[in-house]
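Please read the structure below before turning to the comments.
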Amino acid sequence: MPTTIDSLPAPEILETIDFETLLDSMKDYLQSNLPEWTGRDIESDPINKVLEVFSYRETLLRQRINEAAQANLLNFATSGDLEQLAIFYGIKRQVDETDSELRARTITHIKGFSVGGTADAYKAKVLSVSSNIRDISLDSPEQGKVRITVLSKNGDGSPEQTLLDSITEKVNADDVKIITDTIEVRGAEIITVNINVLLHLYPDTPDEVLDKARNDFPILFNSARGMGWNLTKSWIVRQLHLEGVQEVEIMEPTENINVDEFQSVALGTVNIAMGERKW
């Protein structure tokens with residue numbers, strides 16, 4: 001699920017702050033009002049020291065103004081500021097819900113305002129059921145039928161029946177479901193993939209690099225996976241080609257794992273072993 005509105009331009013209210021530029025501006029202003037000052041380029045001049053202090057304080061102030069502006073923008077707000085923005089739309093943070101998840105759910109909720117029965121309207125209602133939902137996909141295999149596929153955060157992503165029942169009850173409520181829709185709620189089809197990789201290190205690379213690769217890979221995978229997310233060999237190489245790694249040799253999978261929008265890749269066995277040390 002997207003967590004930001006990436007198509008938006010950078011907000012013009014945020015200022016690019018540069019200490020040296022501010023300092024030069026203060027020197028220019030002082031010199032225009034005090035032409036007899038000749039110590040501009042003398043680092044030890046006491047006036048320069050005072051201007052450096054003022055410039056530093058000005059930098060802090062402008063940065064705080066930037067942060068205050070960001071706190072009012074949904075794309076940038078975090079923590080309590082994000083919660084204040086979300087509650088304006090009737091969205092409260094769920095237990096263990098991250099900033100990214102809360103932001104994505106708020107954006108989906110806003111998109112769902114358009115008309116009843118849109119994909120975003122259904123998504124917003126589904127995501128409000130539980131913070132244990134990792135991702136969802138919607139499709140309409142035939143006119144009048146809505147199919148909602150759910151990926152859980154637990155285990156391999158297969159949702160418990162209690163979660164599916166709760167979602168079914170939510171989306172079939174009179175204030176959610178279009179009267180002509182028939183709604184099916186189901187769990188994602190899980191594609192389990194084993195990972196078998198050899199890391200060839202340089203002769204002077206410490207063994208800790210191998211340990212880091214083993215520890216980090218499941219975390220990176222879990223962060224990236226979702227409905228319809230393809231596990232490619234190039235993605236595996238990018239995650240494991242750490243500093244000190246000469247080559248990432250993939251034994252499994254032998255080809256890219258491409259999935260449909262109702263499927264999700266899950267990790268099976270993960271074997272990241274030491275290969276040769278070579279230049």
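We name chains A, B, ... following the order of the structure tokens; residues begin at 1 in each chain, and ligands are numbered from 1 as shown.
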
Please, which residues in stretch 141-176 of chain A fall within 12 Å of stretch 94-118 of chain A when counting only C-alpha atoms, and what is the closest atom pair and distance in Å to one decimal for each, ordered by chain then residue number, as a Markdown table?
| residue | atom | partner | partner_atom | distance |
| --- | --- | --- | --- | --- |
| A:Gly144 | CA | A:Gly117 | CA | 10.4 |
| A:Lys145 | CA | A:Gly117 | CA | 11.0 |
| A:Val146 | CA | A:Gly117 | CA | 9.3 |
| A:Lys153 | CA | A:Glu97 | CA | 11.4 |
| A:Val171 | CA | A:Gly117 | CA | 10.1 |
| A:Asn172 | CA | A:Gly117 | CA | 11.4 |
| A:Asp174 | CA | A:Gly116 | CA | 11.4 |
| A:Asp175 | CA | A:Gly116 | CA | 9.1 |
| A:Val176 | CA | A:Gly116 | CA | 7.3 |

All residues 8 Å or closer to stretch 222-234 of chain A, only C-alpha atoms, same chain fewer than 6 positions away omitted, as an NGL selection string: :A and (1 or 134-137 or 151 or 188 or 250 or 253 or 255-266)

Selection to disk with N, CA and C atoms, as a CSV table (one decimal), in the first residue's frame:
chain,number,residue,atom,x,y,z
A,1,MET,N,0.8,-1.2,0.0
A,1,MET,CA,0.0,0.0,0.0
A,1,MET,C,0.9,1.2,0.0
A,134,ARG,N,-1.9,-6.5,6.7
A,134,ARG,CA,-0.7,-6.0,6.0
A,134,ARG,C,-1.1,-5.3,4.7
A,135,ASP,N,-1.9,-5.9,3.9
A,135,ASP,CA,-2.3,-5.4,2.6
A,135,ASP,C,-3.6,-6.1,2.1
A,136,ILE,N,-4.2,-5.4,1.2
A,136,ILE,CA,-5.5,-6.0,0.6
A,136,ILE,C,-5.5,-5.7,-0.9
A,137,SER,N,-6.2,-6.5,-1.6
A,137,SER,CA,-6.5,-6.2,-3.0
A,137,SER,C,-7.9,-6.4,-3.3
A,151,LEU,N,-4.2,-9.9,3.2
A,151,LEU,CA,-2.9,-10.4,3.6
A,151,LEU,C,-2.7,-10.0,5.1
A,188,ALA,N,-5.3,-14.2,1.2
A,188,ALA,CA,-4.4,-14.2,0.1
A,188,ALA,C,-3.8,-15.6,-0.2
A,250,ILE,N,23.0,-16.8,-6.4
A,250,ILE,CA,21.7,-17.3,-6.0
A,250,ILE,C,21.5,-18.7,-6.5
A,253,PRO,N,15.8,-18.8,-5.4
A,253,PRO,CA,15.1,-19.4,-6.5
A,253,PRO,C,15.9,-19.3,-7.8
A,255,GLU,N,14.6,-18.6,-10.7
A,255,GLU,CA,14.0,-17.6,-11.6
A,255,GLU,C,13.2,-16.6,-10.8
A,256,ASN,N,12.8,-15.5,-11.4
A,256,ASN,CA,11.9,-14.5,-10.7
A,256,ASN,C,10.6,-15.2,-10.3
A,257,ILE,N,10.1,-14.8,-9.2
A,257,ILE,CA,8.8,-15.2,-8.7
A,257,ILE,C,7.8,-14.1,-9.0
A,258,ASN,N,7.0,-14.3,-10.0
A,258,ASN,CA,6.0,-13.3,-10.4
A,258,ASN,C,4.6,-13.8,-9.9
A,259,VAL,N,3.9,-12.9,-9.2
A,259,VAL,CA,2.6,-13.3,-8.7
A,259,VAL,C,1.5,-12.4,-9.1
A,260,ASP,N,0.2,-12.9,-9.0
A,260,ASP,CA,-0.9,-12.1,-9.3
A,260,ASP,C,-1.3,-11.2,-8.1
A,261,GLU,N,-2.2,-10.3,-8.3
A,261,GLU,CA,-2.6,-9.3,-7.3
A,261,GLU,C,-3.2,-10.0,-6.1
A,262,PHE,N,-3.7,-11.2,-6.2
A,262,PHE,CA,-4.4,-11.9,-5.0
A,262,PHE,C,-3.4,-12.8,-4.4
A,263,GLN,N,-2.1,-12.8,-4.8
A,263,GLN,CA,-1.1,-13.7,-4.2
A,263,GLN,C,0.0,-12.9,-3.5
A,264,SER,N,0.7,-13.6,-2.6
A,264,SER,CA,1.8,-12.9,-1.9
A,264,SER,C,2.9,-13.9,-1.6
A,265,VAL,N,4.1,-13.5,-1.8
A,265,VAL,CA,5.3,-14.3,-1.6
A,265,VAL,C,5.6,-14.4,-0.1
A,266,ALA,N,5.9,-15.6,0.4
A,266,ALA,CA,6.3,-15.7,1.8
A,266,ALA,C,7.7,-16.5,1.8

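Counting only C-alpha atoms and comparing A:Ala119, A:Leu240, A:Ala273, A:Ala173, the residue that lies closest to A:Ile148 is A:Ala119.
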
Residue with smallest distance to A:Pro11 - pool A:Leu73, A:Ala68, A:Ile167, A:Met26, counting only C-alpha atoms: A:Leu73

Stretch 15-252 of chain A: residues DSSP assigns to strand (DSSP E), reported as number ranges by chain: A: 133-139, 145-152, 182-187, 189-201, 245-252

8 Å contact set for A:Leu74, only C-alpha atoms, chain neighbours under 3 positions out, as a PyMOL selection string: chain A and resi 71+77+82+85+103

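The nearest approach to A:Asn215 among the residues A:Val270, A:Tyr122, A:Val248, A:Ile65, with only C-alpha atoms taken into account, belongs to A:Val270.
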
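Taking stretch 91-149 of chain A and asking which residues DSSP calls helix (DSSP H, G or I) on the backbone, you get Asp99, Ser100, Glu101, Leu102, Arg103, Ala104, Arg105, Thr106, Ile107, Thr108, His109, Ile110, Lys111, Ala119, Asp120, Ala121, Tyr122, Lys123, Ala124, Lys125, Val126 and Leu127 of chain A.
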
Go ahead and write the selection's residues with N, CA and C atoms as a PDB file, in the first residue's frame.
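again.pdb, freshly written:
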ATOM      1  N   ASP A  99       3.524   4.881  11.748  1.00  0.00           N
ATOM      2  CA  ASP A  99       3.201   6.136  11.055  1.00  0.00           C
ATOM      3  C   ASP A  99       2.869   5.877   9.587  1.00  0.00           C
ATOM      4  N   SER A 100       3.668   5.041   8.928  1.00  0.00           N
ATOM      5  CA  SER A 100       3.440   4.763   7.506  1.00  0.00           C
ATOM      6  C   SER A 100       2.075   4.128   7.284  1.00  0.00           C
ATOM      7  N   GLU A 101       1.707   3.214   8.164  1.00  0.00           N
ATOM      8  CA  GLU A 101       0.413   2.539   8.026  1.00  0.00           C
ATOM      9  C   GLU A 101      -0.743   3.501   8.295  1.00  0.00           C
ATOM     10  N   LEU A 102      -0.601   4.333   9.330  1.00  0.00           N
ATOM     11  CA  LEU A 102      -1.644   5.315   9.637  1.00  0.00           C
ATOM     12  C   LEU A 102      -1.789   6.313   8.502  1.00  0.00           C
ATOM     13  N   ARG A 103      -0.671   6.758   7.942  1.00  0.00           N
ATOM     14  CA  ARG A 103      -0.716   7.716   6.830  1.00  0.00           C
ATOM     15  C   ARG A 103      -1.411   7.090   5.617  1.00  0.00           C
ATOM     16  N   ALA A 104      -1.031   5.845   5.299  1.00  0.00           N
ATOM     17  CA  ALA A 104      -1.630   5.166   4.145  1.00  0.00           C
ATOM     18  C   ALA A 104      -3.125   4.969   4.337  1.00  0.00           C
ATOM     19  N   ARG A 105      -3.536   4.613   5.543  1.00  0.00           N
ATOM     20  CA  ARG A 105      -4.951   4.377   5.820  1.00  0.00           C
ATOM     21  C   ARG A 105      -5.737   5.690   5.739  1.00  0.00           C
ATOM     22  N   THR A 106      -5.136   6.776   6.204  1.00  0.00           N
ATOM     23  CA  THR A 106      -5.803   8.077   6.128  1.00  0.00           C
ATOM     24  C   THR A 106      -5.976   8.514   4.676  1.00  0.00           C
ATOM     25  N   ILE A 107      -4.920   8.335   3.875  1.00  0.00           N
ATOM     26  CA  ILE A 107      -5.002   8.699   2.453  1.00  0.00           C
ATOM     27  C   ILE A 107      -6.075   7.872   1.749  1.00  0.00           C
ATOM     28  N   THR A 108      -6.106   6.566   2.037  1.00  0.00           N
ATOM     29  CA  THR A 108      -7.118   5.701   1.433  1.00  0.00           C
ATOM     30  C   THR A 108      -8.519   6.124   1.863  1.00  0.00           C
ATOM     31  N   HIS A 109      -8.671   6.489   3.138  1.00  0.00           N
ATOM     32  CA  HIS A 109      -9.962   6.945   3.654  1.00  0.00           C
ATOM     33  C   HIS A 109     -10.427   8.206   2.919  1.00  0.00           C
ATOM     34  N   ILE A 110      -9.509   9.131   2.694  1.00  0.00           N
ATOM     35  CA  ILE A 110      -9.847  10.373   1.996  1.00  0.00           C
ATOM     36  C   ILE A 110     -10.263  10.074   0.551  1.00  0.00           C
ATOM     37  N   LYS A 111      -9.509   9.195  -0.112  1.00  0.00           N
ATOM     38  CA  LYS A 111      -9.854   8.836  -1.492  1.00  0.00           C
ATOM     39  C   LYS A 111     -11.233   8.195  -1.563  1.00  0.00           C
ATOM     40  N   ALA A 119     -13.201   1.264  -4.999  1.00  0.00           N
ATOM     41  CA  ALA A 119     -12.201   0.393  -4.386  1.00  0.00           C
ATOM     42  C   ALA A 119     -11.632   1.028  -3.129  1.00  0.00           C
ATOM     43  N   ASP A 120     -11.336   2.340  -3.194  1.00  0.00           N
ATOM     44  CA  ASP A 120     -10.763   3.016  -2.027  1.00  0.00           C
ATOM     45  C   ASP A 120     -11.757   3.096  -0.874  1.00  0.00           C
ATOM     46  N   ALA A 121     -13.041   3.221  -1.183  1.00  0.00           N
ATOM     47  CA  ALA A 121     -14.044   3.256  -0.122  1.00  0.00           C
ATOM     48  C   ALA A 121     -14.070   1.930   0.628  1.00  0.00           C
ATOM     49  N   TYR A 122     -14.036   0.831  -0.116  1.00  0.00           N
ATOM     50  CA  TYR A 122     -13.996  -0.481   0.523  1.00  0.00           C
ATOM     51  C   TYR A 122     -12.684  -0.696   1.275  1.00  0.00           C
ATOM     52  N   LYS A 123     -11.569  -0.279   0.669  1.00  0.00           N
ATOM     53  CA  LYS A 123     -10.265  -0.444   1.319  1.00  0.00           C
ATOM     54  C   LYS A 123     -10.220   0.284   2.654  1.00  0.00           C
ATOM     55  N   ALA A 124     -10.755   1.511   2.669  1.00  0.00           N
ATOM     56  CA  ALA A 124     -10.740   2.299   3.901  1.00  0.00           C
ATOM     57  C   ALA A 124     -11.496   1.584   5.009  1.00  0.00           C
ATOM     58  N   LYS A 125     -12.633   0.994   4.677  1.00  0.00           N
ATOM     59  CA  LYS A 125     -13.419   0.278   5.676  1.00  0.00           C
ATOM     60  C   LYS A 125     -12.694  -0.985   6.147  1.00  0.00           C
ATOM     61  N   VAL A 126     -12.076  -1.702   5.227  1.00  0.00           N
ATOM     62  CA  VAL A 126     -11.361  -2.930   5.591  1.00  0.00           C
ATOM     63  C   VAL A 126     -10.189  -2.622   6.511  1.00  0.00           C
ATOM     64  N   LEU A 127      -9.427  -1.601   6.174  1.00  0.00           N
ATOM     65  CA  LEU A 127      -8.237  -1.267   6.962  1.00  0.00           C
ATOM     66  C   LEU A 127      -8.592  -0.779   8.360  1.00  0.00           C
TER      67      LEU A 127
END

Pick from A:Ile219, A:Met251, A:Leu60, A:Val50, whichever lies nearest to A:Leu30 using only C-alpha atoms: A:Val50

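Minimum atom-to-atom distances from A:Ile133, A:Val237, A:Ile13, A:Ala86 to A:Ile195 were compared using only C-alpha atoms, and the lowest value belongs to A:Val237.
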
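We find atom CA of A:Leu22 and atom CA of A:Asn75 to be spaced 28.2 Å apart.
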
Two-atom distance - atom CA of A:Glu20, atom CA of A:Leu34 (Å): 20.5 Å
